[in-house]
$ cat input.cif   # mmCIF, C-alpha atoms and all ligand atoms
data_start
#
loop_
_atom_site.label_atom_id
_atom_site.label_comp_id
_atom_site.auth_asym_id
_atom_site.auth_seq_id
_atom_site.Cartn_x
_atom_site.Cartn_y
_atom_site.Cartn_z
CA MET A 1 -31.43 43.86 -0.72
CA ALA A 2 -31.57 43.55 3.05
CA LYS A 3 -29.42 40.76 4.30
CA GLN A 4 -30.78 37.82 6.26
CA TRP A 5 -28.88 38.61 9.47
CA ASP A 6 -27.51 41.68 11.22
CA ALA A 7 -24.26 40.06 12.34
CA LEU A 8 -22.47 36.76 11.93
CA TRP A 9 -19.61 35.35 14.02
CA ILE A 10 -17.58 32.81 12.02
CA ASN A 11 -14.75 30.32 12.72
CA ALA A 12 -15.81 29.89 16.34
CA THR A 13 -15.73 27.15 18.93
CA ILE A 14 -19.19 27.41 20.47
CA ALA A 15 -20.23 25.99 23.83
CA THR A 16 -24.00 26.39 23.66
CA GLY A 17 -24.65 25.73 27.35
CA GLU A 18 -27.35 23.21 26.46
CA LYS A 19 -25.62 20.00 27.52
CA GLN A 20 -22.29 19.25 29.11
CA ASP A 21 -20.83 18.06 25.79
CA SER A 22 -22.50 20.54 23.45
CA ILE A 23 -19.40 22.13 21.95
CA MET A 24 -19.13 22.83 18.24
CA THR A 25 -15.88 23.60 16.45
CA ASN A 26 -15.76 25.44 13.10
CA ALA A 27 -19.11 26.88 13.97
CA CYS A 28 -20.91 30.17 13.54
CA LEU A 29 -23.59 32.21 15.24
CA ALA A 30 -25.91 34.78 13.66
CA THR A 31 -27.98 37.53 15.26
CA LYS A 32 -30.99 39.52 14.13
CA GLY A 33 -31.88 42.45 16.35
CA SER A 34 -31.62 41.43 20.00
CA LYS A 35 -31.94 37.70 19.32
CA ILE A 36 -29.89 34.79 18.16
CA ALA A 37 -31.05 33.85 14.67
CA TRP A 38 -28.97 30.76 14.01
CA VAL A 39 -26.19 28.61 15.46
CA GLY A 40 -24.58 25.92 13.31
CA ALA A 41 -21.63 24.56 11.37
CA MET A 42 -19.61 26.72 8.98
CA GLN A 43 -20.27 24.24 6.17
CA ALA A 44 -24.00 24.66 6.63
CA LEU A 45 -23.92 28.35 5.65
CA SER A 46 -25.96 28.79 2.48
CA ALA A 47 -23.79 31.58 1.02
CA LYS A 48 -20.63 33.59 1.71
CA PRO A 49 -20.71 35.19 5.20
CA ASN A 50 -20.78 38.77 3.90
CA GLU A 51 -23.72 37.95 1.65
CA LEU A 52 -25.66 36.74 4.67
CA ALA A 53 -24.96 39.41 7.28
CA ASP A 54 -24.22 43.13 7.42
CA THR A 55 -21.35 42.63 9.85
CA VAL A 56 -19.07 39.60 9.93
CA TYR A 57 -16.68 38.84 12.80
CA ASP A 58 -13.99 36.24 12.11
CA VAL A 59 -13.17 35.10 15.66
CA LYS A 60 -10.30 32.86 14.54
CA HIS A 61 -11.26 29.79 16.59
CA ARG A 62 -11.87 31.67 19.79
CA CYS A 63 -14.51 30.29 22.10
CA ILE A 64 -18.09 31.63 22.38
CA THR A 65 -20.28 30.89 25.41
CA PRO A 66 -23.61 32.25 26.57
CA GLY A 67 -23.21 35.45 28.59
CA LEU A 68 -22.44 34.34 32.14
CA ILE A 69 -25.12 34.71 34.80
CA ASP A 70 -24.21 35.55 38.39
CA CYS A 71 -27.40 34.38 40.11
CA HIS A 72 -26.65 35.31 43.75
CA THR A 73 -25.07 38.58 44.88
CA HIS A 74 -25.45 41.17 47.64
CA LEU A 75 -23.39 43.76 45.85
CA ILE A 76 -25.15 46.95 46.94
CA PHE A 77 -23.61 47.93 50.25
CA ALA A 78 -21.54 50.68 51.84
CA GLY A 79 -18.35 50.30 53.86
CA ASN A 80 -16.32 47.12 54.03
CA ARG A 81 -15.47 44.43 56.57
CA ALA A 82 -11.71 44.05 56.15
CA ASN A 83 -11.47 44.28 59.97
CA GLU A 84 -13.55 41.09 60.29
CA PHE A 85 -11.34 39.38 57.74
CA GLU A 86 -8.44 40.09 60.09
CA MET A 87 -10.43 38.94 63.16
CA ARG A 88 -11.22 35.64 61.46
CA LEU A 89 -7.58 35.15 60.55
CA LYS A 90 -6.87 35.40 64.30
CA GLY A 91 -9.45 32.72 65.06
CA ALA A 92 -12.88 34.39 65.44
CA THR A 93 -15.71 32.65 63.58
CA TYR A 94 -18.36 34.28 61.37
CA GLU A 95 -20.97 33.47 64.01
CA ASP A 96 -18.85 34.92 66.88
CA ILE A 97 -18.54 38.19 64.99
CA ALA A 98 -22.27 38.29 64.19
CA ARG A 99 -23.18 37.66 67.84
CA GLN A 100 -20.92 40.52 68.93
CA GLY A 101 -22.92 42.92 66.74
CA GLY A 102 -20.49 42.92 63.81
CA GLY A 103 -21.14 41.04 60.61
CA ILE A 104 -24.26 41.96 58.65
CA GLN A 105 -25.20 44.59 61.30
CA SER A 106 -22.10 46.64 60.60
CA THR A 107 -22.86 46.73 56.87
CA VAL A 108 -26.47 47.66 57.70
CA ALA A 109 -25.27 50.66 59.73
CA ALA A 110 -23.06 51.87 56.87
CA THR A 111 -25.72 51.25 54.21
CA ARG A 112 -28.48 53.06 56.12
CA THR A 113 -26.47 56.26 56.19
CA ALA A 114 -25.29 56.12 52.56
CA SER A 115 -27.20 58.10 49.93
CA GLN A 116 -28.67 56.49 46.83
CA GLU A 117 -26.03 58.25 44.72
CA GLU A 118 -23.22 56.95 46.88
CA LEU A 119 -24.56 53.39 46.76
CA TYR A 120 -24.96 53.63 42.99
CA TYR A 121 -21.37 54.83 42.59
CA LEU A 122 -19.97 52.03 44.78
CA SER A 123 -22.10 49.31 43.20
CA LYS A 124 -21.50 50.34 39.61
CA LYS A 125 -17.79 49.59 40.03
CA ARG A 126 -18.66 46.09 41.29
CA VAL A 127 -21.07 45.44 38.43
CA LEU A 128 -18.46 46.57 35.91
CA ALA A 129 -15.91 44.21 37.44
CA LEU A 130 -18.35 41.31 37.10
CA MET A 131 -19.07 42.33 33.50
CA GLN A 132 -15.32 42.18 32.81
CA SER A 133 -15.52 38.54 33.85
CA GLY A 134 -18.25 37.92 31.28
CA VAL A 135 -21.42 38.49 33.30
CA THR A 136 -24.40 39.69 31.20
CA THR A 137 -27.13 38.95 33.79
CA LEU A 138 -26.94 39.47 37.51
CA GLU A 139 -29.11 38.91 40.54
CA ILE A 140 -28.90 41.46 43.35
CA LYS A 141 -30.41 41.03 46.81
CA SER A 142 -31.32 43.76 49.22
CA GLY A 143 -30.77 42.88 52.89
CA TYR A 144 -28.44 45.56 54.22
CA GLY A 145 -31.28 47.93 55.11
CA LEU A 146 -33.59 45.90 57.34
CA ASP A 147 -36.04 48.79 57.36
CA LEU A 148 -38.46 49.56 54.57
CA GLU A 149 -36.84 52.82 53.54
CA THR A 150 -33.34 51.41 53.18
CA GLU A 151 -34.45 48.11 51.64
CA GLU A 152 -36.32 50.09 48.98
CA LYS A 153 -33.35 52.41 48.53
CA ILE A 154 -31.17 49.39 47.72
CA LEU A 155 -33.72 48.00 45.27
CA TYR A 156 -34.02 51.41 43.55
CA VAL A 157 -30.24 51.41 43.13
CA ALA A 158 -30.47 47.94 41.55
CA LYS A 159 -33.12 49.25 39.19
CA LYS A 160 -31.00 52.26 38.29
CA LEU A 161 -27.98 50.03 37.60
CA GLU A 162 -30.09 48.05 35.13
CA GLU A 163 -31.42 51.20 33.48
CA THR A 164 -27.97 52.70 33.02
CA LEU A 165 -25.80 49.67 32.19
CA PRO A 166 -26.13 47.02 29.46
CA ILE A 167 -26.90 44.20 31.87
CA THR A 168 -30.05 42.40 33.03
CA ILE A 169 -30.61 42.59 36.79
CA SER A 170 -32.95 40.33 38.71
CA LYS A 171 -33.89 41.84 42.07
CA THR A 172 -34.54 39.90 45.27
CA PHE A 173 -35.90 41.28 48.55
CA LEU A 174 -33.89 39.89 51.49
CA GLY A 175 -35.41 41.83 54.38
CA ALA A 176 -35.10 38.61 56.42
CA HIS A 177 -31.30 38.68 56.29
CA THR A 178 -30.80 39.19 60.01
CA LEU A 179 -32.70 40.77 62.90
CA PRO A 180 -32.17 44.56 63.00
CA LEU A 181 -30.91 45.91 66.34
CA GLU A 182 -34.13 47.83 67.01
CA TYR A 183 -36.02 44.51 67.03
CA ARG A 184 -33.59 42.68 69.37
CA GLY A 185 -35.49 39.92 71.20
CA ARG A 186 -38.55 40.49 68.98
CA GLY A 187 -37.91 38.30 65.95
CA ASP A 188 -41.57 37.53 65.37
CA ALA A 189 -42.47 41.22 65.43
CA TYR A 190 -39.87 41.91 62.73
CA ILE A 191 -41.31 39.07 60.64
CA ASP A 192 -44.77 40.68 61.12
CA HIS A 193 -43.32 43.93 59.77
CA ILE A 194 -41.79 42.13 56.77
CA CYS A 195 -45.07 40.36 55.98
CA GLN A 196 -47.50 43.18 56.71
CA ASP A 197 -45.58 46.20 55.45
CA MET A 198 -42.40 45.46 53.55
CA ILE A 199 -43.45 42.71 51.11
CA PRO A 200 -46.76 44.43 50.19
CA SER A 201 -44.97 47.73 49.51
CA ILE A 202 -42.17 46.16 47.48
CA ALA A 203 -44.61 44.01 45.51
CA GLU A 204 -46.84 46.96 44.74
CA LYS A 205 -43.92 49.04 43.50
CA LYS A 206 -42.60 46.02 41.54
CA LEU A 207 -39.18 46.48 43.10
CA ALA A 208 -38.33 42.77 43.26
CA GLU A 209 -39.09 39.51 41.50
CA ALA A 210 -38.27 37.23 44.42
CA VAL A 211 -38.03 37.05 48.21
CA ASP A 212 -35.14 35.37 50.05
CA VAL A 213 -34.68 34.42 53.73
CA PHE A 214 -31.48 33.58 55.67
CA CYS A 215 -32.71 30.59 57.68
CA GLU A 216 -30.04 29.95 60.31
CA LYS A 217 -29.50 30.04 64.07
CA ILE A 218 -28.00 33.54 63.82
CA ALA A 219 -30.89 34.73 61.63
CA PHE A 220 -34.45 33.28 61.30
CA ASN A 221 -36.02 29.96 62.28
CA LEU A 222 -38.10 27.64 60.16
CA ALA A 223 -41.50 28.95 61.29
CA GLN A 224 -40.45 32.55 60.62
CA THR A 225 -39.04 31.56 57.24
CA GLU A 226 -42.31 29.87 56.31
CA ARG A 227 -44.33 32.99 57.11
CA VAL A 228 -42.16 35.03 54.77
CA PHE A 229 -42.46 32.43 51.99
CA ALA A 230 -46.25 32.24 52.33
CA THR A 231 -46.54 36.04 52.15
CA ALA A 232 -44.22 36.20 49.13
CA LYS A 233 -46.42 33.70 47.30
CA GLN A 234 -49.56 35.68 48.15
CA HIS A 235 -47.95 38.62 46.38
CA ASP A 236 -46.88 36.57 43.34
CA LEU A 237 -43.22 36.79 44.22
CA GLN A 238 -40.82 33.88 43.73
CA VAL A 239 -39.08 32.26 46.67
CA LYS A 240 -35.35 31.72 47.31
CA CYS A 241 -33.53 30.63 50.46
CA HIS A 242 -30.11 30.92 52.11
CA ALA A 243 -30.35 27.34 53.31
CA GLU A 244 -28.20 24.99 55.38
CA GLN A 245 -25.09 27.21 55.19
CA LEU A 246 -23.82 26.79 58.75
CA SER A 247 -26.20 24.08 60.04
CA ASP A 248 -29.05 21.88 58.77
CA SER A 249 -32.34 23.56 59.65
CA GLY A 250 -34.59 21.81 57.12
CA SER A 251 -35.05 25.06 55.20
CA ALA A 252 -34.28 23.54 51.80
CA ALA A 253 -37.22 21.15 52.13
CA LEU A 254 -39.42 24.02 53.33
CA ALA A 255 -38.37 26.13 50.33
CA ALA A 256 -39.19 23.19 48.04
CA LYS A 257 -42.72 23.16 49.48
CA TYR A 258 -43.06 26.74 48.21
CA HIS A 259 -41.62 25.77 44.79
CA ALA A 260 -38.51 27.85 45.40
CA LEU A 261 -36.53 28.82 42.32
CA SER A 262 -33.34 28.08 44.23
CA VAL A 263 -31.84 27.12 47.55
CA ASP A 264 -28.37 28.54 48.09
CA HIS A 265 -25.17 27.61 50.01
CA LEU A 266 -26.20 24.05 51.15
CA GLU A 267 -22.99 22.87 52.87
CA HIS A 268 -25.13 21.11 55.52
CA LEU A 269 -27.94 19.91 53.22
CA SER A 270 -29.40 16.51 54.25
CA LEU A 271 -30.57 13.65 52.05
CA GLN A 272 -34.14 14.57 52.88
CA GLY A 273 -33.52 18.11 51.67
CA ILE A 274 -31.99 16.80 48.45
CA GLU A 275 -34.99 14.56 47.78
CA ALA A 276 -37.35 17.48 48.35
CA ILE A 277 -35.57 19.89 45.99
CA ALA A 278 -35.16 17.17 43.37
CA LYS A 279 -38.95 16.79 43.34
CA SER A 280 -39.72 20.50 43.21
CA GLY A 281 -37.23 21.24 40.41
CA THR A 282 -35.43 23.76 42.62
CA VAL A 283 -31.88 24.72 41.58
CA ALA A 284 -29.04 24.17 44.08
CA VAL A 285 -26.89 27.31 43.99
CA LEU A 286 -23.41 26.63 45.39
CA LEU A 287 -21.21 29.50 46.53
CA PRO A 288 -17.55 28.46 46.63
CA GLY A 289 -16.41 32.02 47.35
CA ALA A 290 -18.08 32.02 50.78
CA PHE A 291 -16.81 28.48 51.44
CA TYR A 292 -13.28 29.62 50.63
CA PHE A 293 -13.45 32.92 52.47
CA LEU A 294 -14.86 31.37 55.68
CA ARG A 295 -12.37 28.48 55.34
CA GLU A 296 -15.23 26.00 55.70
CA LYS A 297 -14.44 22.31 55.93
CA LYS A 298 -17.80 20.76 55.13
CA LEU A 299 -18.43 20.44 51.42
CA PRO A 300 -21.95 20.61 49.97
CA PRO A 301 -23.23 17.06 49.15
CA ILE A 302 -22.27 17.33 45.49
CA GLN A 303 -22.32 13.64 44.57
CA LEU A 304 -25.80 13.19 46.05
CA LEU A 305 -27.05 16.28 44.20
CA ARG A 306 -25.73 14.75 40.99
CA GLU A 307 -27.31 11.37 41.72
CA HIS A 308 -30.68 13.00 42.32
CA GLY A 309 -30.44 15.03 39.11
CA VAL A 310 -30.60 18.38 40.90
CA PRO A 311 -29.42 21.20 38.62
CA ILE A 312 -26.38 22.89 40.18
CA ALA A 313 -25.62 26.58 39.64
CA LEU A 314 -22.63 28.61 40.86
CA ALA A 315 -22.55 32.24 41.88
CA SER A 316 -20.21 34.81 43.41
CA ASP A 317 -22.34 35.66 46.49
CA CYS A 318 -20.53 39.00 46.18
CA ASN A 319 -20.89 40.61 49.62
CA PRO A 320 -18.63 42.39 52.14
CA GLY A 321 -18.73 39.67 54.81
CA THR A 322 -18.26 36.25 53.30
CA SER A 323 -17.33 36.73 49.65
CA PRO A 324 -15.85 40.08 48.59
CA ILE A 325 -15.25 38.62 45.14
CA MET A 326 -16.11 40.37 41.90
CA SER A 327 -15.02 37.81 39.35
CA LEU A 328 -17.28 34.97 38.28
CA LEU A 329 -14.31 33.38 36.51
CA LEU A 330 -12.51 33.07 39.85
CA ILE A 331 -15.62 31.45 41.32
CA MET A 332 -15.64 28.99 38.41
CA ASN A 333 -12.06 28.03 39.20
CA MET A 334 -12.98 27.55 42.88
CA ALA A 335 -15.96 25.38 41.93
CA CYS A 336 -13.52 23.04 40.19
CA THR A 337 -10.68 23.10 42.70
CA LEU A 338 -12.64 23.27 45.97
CA PHE A 339 -15.89 21.48 45.05
CA ARG A 340 -14.46 19.11 42.42
CA LEU A 341 -17.15 19.99 39.92
CA THR A 342 -16.13 19.26 36.36
CA PRO A 343 -15.48 22.23 34.07
CA GLN A 344 -18.49 21.09 32.02
CA GLU A 345 -20.74 21.15 35.11
CA VAL A 346 -19.39 24.56 36.04
CA LEU A 347 -20.13 26.06 32.63
CA LEU A 348 -23.74 24.86 32.81
CA GLY A 349 -23.85 26.19 36.37
CA VAL A 350 -23.15 29.77 35.26
CA THR A 351 -25.31 29.62 32.14
CA GLN A 352 -28.33 27.34 31.73
CA TYR A 353 -28.87 26.44 35.39
CA ALA A 354 -28.10 29.93 36.66
CA ALA A 355 -30.82 31.15 34.27
CA LYS A 356 -33.20 28.55 35.69
CA SER A 357 -32.43 29.69 39.24
CA LEU A 358 -33.78 33.11 38.22
CA GLY A 359 -36.75 31.74 36.27
CA LEU A 360 -35.19 33.11 33.06
CA GLU A 361 -34.34 29.86 31.26
CA GLN A 362 -36.77 30.54 28.41
CA THR A 363 -34.85 33.62 27.28
CA ILE A 364 -31.20 33.33 28.37
CA GLY A 365 -28.53 30.85 29.45
CA THR A 366 -28.13 28.86 26.22
CA LEU A 367 -27.19 29.67 22.65
CA SER A 368 -29.92 28.65 20.22
CA ALA A 369 -32.26 30.35 17.77
CA ASN A 370 -34.69 32.83 19.35
CA LYS A 371 -32.81 33.12 22.63
CA GLN A 372 -31.64 36.57 23.67
CA ALA A 373 -28.33 37.40 21.95
CA ASP A 374 -26.27 37.64 25.13
CA PHE A 375 -22.89 36.01 24.63
CA ILE A 376 -19.16 36.35 25.14
CA VAL A 377 -16.31 35.78 22.72
CA TRP A 378 -13.36 34.64 24.81
CA ASP A 379 -9.70 34.78 23.93
CA VAL A 380 -9.31 31.06 24.66
CA SER A 381 -9.73 27.99 22.48
CA THR A 382 -11.66 25.74 24.91
CA PRO A 383 -14.10 26.61 27.73
CA VAL A 384 -11.94 24.67 30.21
CA GLU A 385 -9.31 27.41 29.92
CA LEU A 386 -11.82 29.82 31.50
CA MET A 387 -11.55 27.85 34.74
CA TYR A 388 -7.89 26.93 34.39
CA TYR A 389 -6.31 30.38 34.25
CA MET A 390 -6.52 32.71 37.22
CA GLY A 391 -5.93 36.44 37.19
CA VAL A 392 -6.12 36.92 33.43
CA LYS A 393 -8.86 38.75 31.59
CA PRO A 394 -9.83 36.50 28.69
CA LEU A 395 -12.84 38.55 27.59
CA HIS A 396 -12.57 39.44 23.88
CA GLN A 397 -16.07 40.65 22.94
CA PHE A 398 -19.13 41.33 25.12
CA VAL A 399 -22.45 41.06 23.28
CA LYS A 400 -25.66 42.09 25.04
CA LEU A 401 -29.02 41.95 23.24
CA GLY A 402 -27.15 41.66 19.93
CA ARG A 403 -25.03 44.77 20.55
CA THR A 404 -21.27 44.73 21.05
CA ILE A 405 -20.47 46.65 24.22
CA ASP A 406 -17.20 48.46 24.82
CA LEU A 407 -16.78 47.93 28.56
CA ALA A 408 -14.03 50.54 28.78
CA ASN A 409 -16.57 53.23 27.90
CA LEU A 410 -19.16 52.52 30.60
O1 LIG A 501 -24.62 34.79 51.55
N1 LIG A 501 -25.38 34.11 54.73
C1 LIG A 501 -25.88 35.21 54.72
N2 LIG A 501 -25.64 36.21 53.89
C2 LIG A 501 -24.44 36.42 53.17
C3 LIG A 501 -23.41 37.06 54.00
C4 LIG A 501 -23.78 38.43 54.33
C5 LIG A 501 -22.75 39.17 55.13
O2 LIG A 501 -21.99 38.57 55.92
O3 LIG A 501 -22.73 40.39 54.94
C6 LIG A 501 -23.96 35.17 52.48
O4 LIG A 501 -22.95 34.56 52.85
FE FE A 502 -25.73 35.18 50.04
#
$ encode --input "input.cif" --output "structure tokens"
Amino acid sequence: MAKQWDALWINATIATGEKQDSIMTNACLATKGSKIAWVGAMQALSAKPNELADTVYDVKHRCITPGLIDCHTHLIFAGNRANEFEMRLKGATYEDIARQGGGIQSTVAATRTASQEELYYLSKKRVLALMQSGVTTLEIKSGYGLDLETEEKILYVAKKLEETLPITISKTFLGAHTLPLEYRGRGDAYIDHICQDMIPSIAEKKLAEAVDVFCEKIAFNLAQTERVFATAKQHDLQVKCHAEQLSDSGSAALAAKYHALSVDHLEHLSLQGIEAIAKSGTVAVLLPGAFYFLREKKLPPIQLLREHGVPIALASDCNPGTSPIMSLLLIMNMACTLFRLTPQEVLLGVTQYAAKSLGLEQTIGTLSANKQADFIVWDVSTPVELMYYMGVKPLHQFVKLGRTIDLANL
């Protein structure tokens, strides 16, 4: 007779990602096809494990969490910016370098000349590194093309990564990352091009689910940002924003007006901005890797975000300029040590709330019946150890859509 479940994980400590204190010891998790069928206590099993499921994994009190979600990356790029890392160590700021034509522009030059195959090869290595740190869903932004052809090339590479690797990829169009050199002094004309040509083309080809804007003095102003958001909405695309990273421009409140899924960075976020995103249900995505790498001093207003009940997510921001980091576990450690988030807040920030920041909270981010069976078995006994250790690889088993994936074979 066919058994009730396909697979059953027994003797586990399970952090379901539902609430900060939802941890079960002596628990088990069952899957049927690509979904979770049941999560509960060992004693509640109605029969012996091998009578209930075709495959039984005794995880010997290891910890199971939802597959981690890295909800903000720019990982498709060519070249690197190690030279700028050195310049900043000698005192140059991120803005100085950008104004001198380095920064994002230098990655744009390298990415424009790279072939799709080359970009795929470079990016696959980065995705695999993130998967080694437990990431089963990833967001990738374009933004190193700044012309339609290269922006679409990047989004095609993102699509190909999803088709060829066991990972979910959410794609975001970030044409408004910075002003391309050929539009110098003509910011509004570039925004016209984004709104009239780029967004319609990308929407029609279904190459992205969301549109992001870098609203900042060295990028785009509030009025330009609003035009991009309004056009995104007209094309049924979600809105995201690189907001208040280096200064407070009021972009978080503007994004809230467009029901943004998330506003990201937020070191300079004001009380007004917090009130606006609290009302719109927008997720605050904090990026401790960029904070660390740029040696920022101003912390995001974490206590006020908490007091206003704003869901906080954490992400790697993986990019060549401000966060060349390909481990979400390292980011989780930084969120604790640099931002003083609790380990419980951090776990929710890379599971449930990261899912919400991508509009995917109905299917992933928590472990309960009928959710997608994306989860990690870790070689640790409590989730706090995931943030406590640095430089170890605690991943024991990677399960995507109910299938165990051997990462060494990808
Ligand atoms: O998220 N702030 C803007 N964009 C990226 C950095 C991009 C770059 O420097 O290449 C960020 O930090
Ligand atoms: Fe970013």
$ residues_near_ligand --input "input.cif" --ligand "ligand LIG 501 (chain A)" --cutoff "10 Å" --atoms "all atoms listed in the file" --output "PyMOL selection string"
chain A and resi 72-75+77+80-81+84+94-95+97-98+102-108+141+143-144+174+176-178+213-216+218-219+241-246+264-265+287+289-291+293-294+316-324
$ axis_aligned_box --input "input.cif" --around "segment 196-206 of chain A" --padding-each-side "5 Å" --output "AutoDock Vina command-line options"
--center_x -44.8 --center_y 45.9 --center_z 49.1 --size_x 15.3 --size_y 16.3 --size_z 25.2
$ atom_distance --input "input.cif" --atom1 "atom CA of Asp406 of chain A" --atom2 "atom CA of Thr31 of chain A"
18.1 Å
$ atom_distance --input "input.cif" --atom1 "atom CA of Pro383 of chain A" --atom2 "atom CA of Pro301 of chain A"
25.2 Å
$ closest_residue --input "input.cif" --among "A:Ala223, A:Ala129, A:Ala278, A:Ile331" --to "Tyr292 of chain A" --atoms "all atoms listed in the file"
A:Ile331
$ closest_residue --input "input.cif" --among "A:Ile274, A:Cys63, A:Leu360, A:Leu329" --to "Thr137 of chain A" --atoms "only C-alpha atoms"
A:Leu360
$ closest_residue --input "input.cif" --among "A:Leu347, A:Ile405, A:Leu286, A:Leu52" --to "ligand FE 502 (chain A)" --atoms "only C-alpha atoms and all ligand atoms"
A:Leu286
$ closest_residue --input "input.cif" --among "A:Glu361, A:Glu209, A:Glu163, A:Glu139" --to "ligand FE 502 (chain A)" --atoms "only C-alpha atoms and all ligand atoms"
A:Glu139
$ closest_residue --input "input.cif" --among "A:Arg88, A:Lys206, A:Lys257, A:Lys279" --to "Asp236 of chain A" --atoms "all atoms listed in the file"
A:Lys206
$ atom_distance --input "input.cif" --atom1 "atom CA of Cys195 of chain A" --atom2 "atom CA of Thr282 of chain A"
23.4 Å
$ closest_residue --input "input.cif" --among "A:Ala114, A:Val380, A:Val127, A:Leu338" --to "Ile154 of chain A" --atoms "all atoms listed in the file"
A:Ala114
$ build_atoms --input "input.cif" --residues "segment 92-104 of chain A" --atoms "N, CA, C and O atoms" --output "CSV table (one decimal), in the coordinates of the input"
chain,number,residue,atom,x,y,z
A,92,ALA,N,-11.4,34.2,65.2
A,92,ALA,CA,-12.9,34.4,65.4
A,92,ALA,C,-13.7,33.7,64.3
A,92,ALA,O,-13.2,33.6,63.2
A,93,THR,N,-14.9,33.2,64.6
A,93,THR,CA,-15.7,32.6,63.6
A,93,THR,C,-16.7,33.7,63.1
A,93,THR,O,-17.0,34.7,63.8
A,94,TYR,N,-17.3,33.4,61.9
A,94,TYR,CA,-18.4,34.3,61.4
A,94,TYR,C,-19.5,34.5,62.4
A,94,TYR,O,-20.0,35.6,62.6
A,95,GLU,N,-19.9,33.4,63.0
A,95,GLU,CA,-21.0,33.5,64.0
A,95,GLU,C,-20.6,34.3,65.2
A,95,GLU,O,-21.4,35.1,65.7
A,96,ASP,N,-19.3,34.1,65.7
A,96,ASP,CA,-18.8,34.9,66.9
A,96,ASP,C,-19.0,36.4,66.6
A,96,ASP,O,-19.5,37.2,67.4
A,97,ILE,N,-18.5,36.8,65.4
A,97,ILE,CA,-18.5,38.2,65.0
A,97,ILE,C,-20.0,38.7,64.9
A,97,ILE,O,-20.3,39.8,65.3
A,98,ALA,N,-20.9,37.9,64.3
A,98,ALA,CA,-22.3,38.3,64.2
A,98,ALA,C,-22.9,38.5,65.6
A,98,ALA,O,-23.6,39.5,65.8
A,99,ARG,N,-22.6,37.6,66.5
A,99,ARG,CA,-23.2,37.7,67.8
A,99,ARG,C,-22.7,38.9,68.6
A,99,ARG,O,-23.3,39.4,69.5
A,100,GLN,N,-21.5,39.3,68.3
A,100,GLN,CA,-20.9,40.5,68.9
A,100,GLN,C,-21.4,41.8,68.3
A,100,GLN,O,-20.9,42.9,68.6
A,101,GLY,N,-22.3,41.7,67.4
A,101,GLY,CA,-22.9,42.9,66.7
A,101,GLY,C,-22.2,43.4,65.5
A,101,GLY,O,-22.5,44.4,64.9
A,102,GLY,N,-21.2,42.6,65.1
A,102,GLY,CA,-20.5,42.9,63.8
A,102,GLY,C,-21.2,42.2,62.7
A,102,GLY,O,-22.5,42.1,62.7
A,103,GLY,N,-20.5,41.8,61.7
A,103,GLY,CA,-21.1,41.0,60.6
A,103,GLY,C,-22.1,41.9,59.8
A,103,GLY,O,-21.9,43.1,59.6
A,104,ILE,N,-23.3,41.3,59.5
A,104,ILE,CA,-24.3,42.0,58.6
A,104,ILE,C,-24.7,43.3,59.3
A,104,ILE,O,-24.8,44.3,58.6
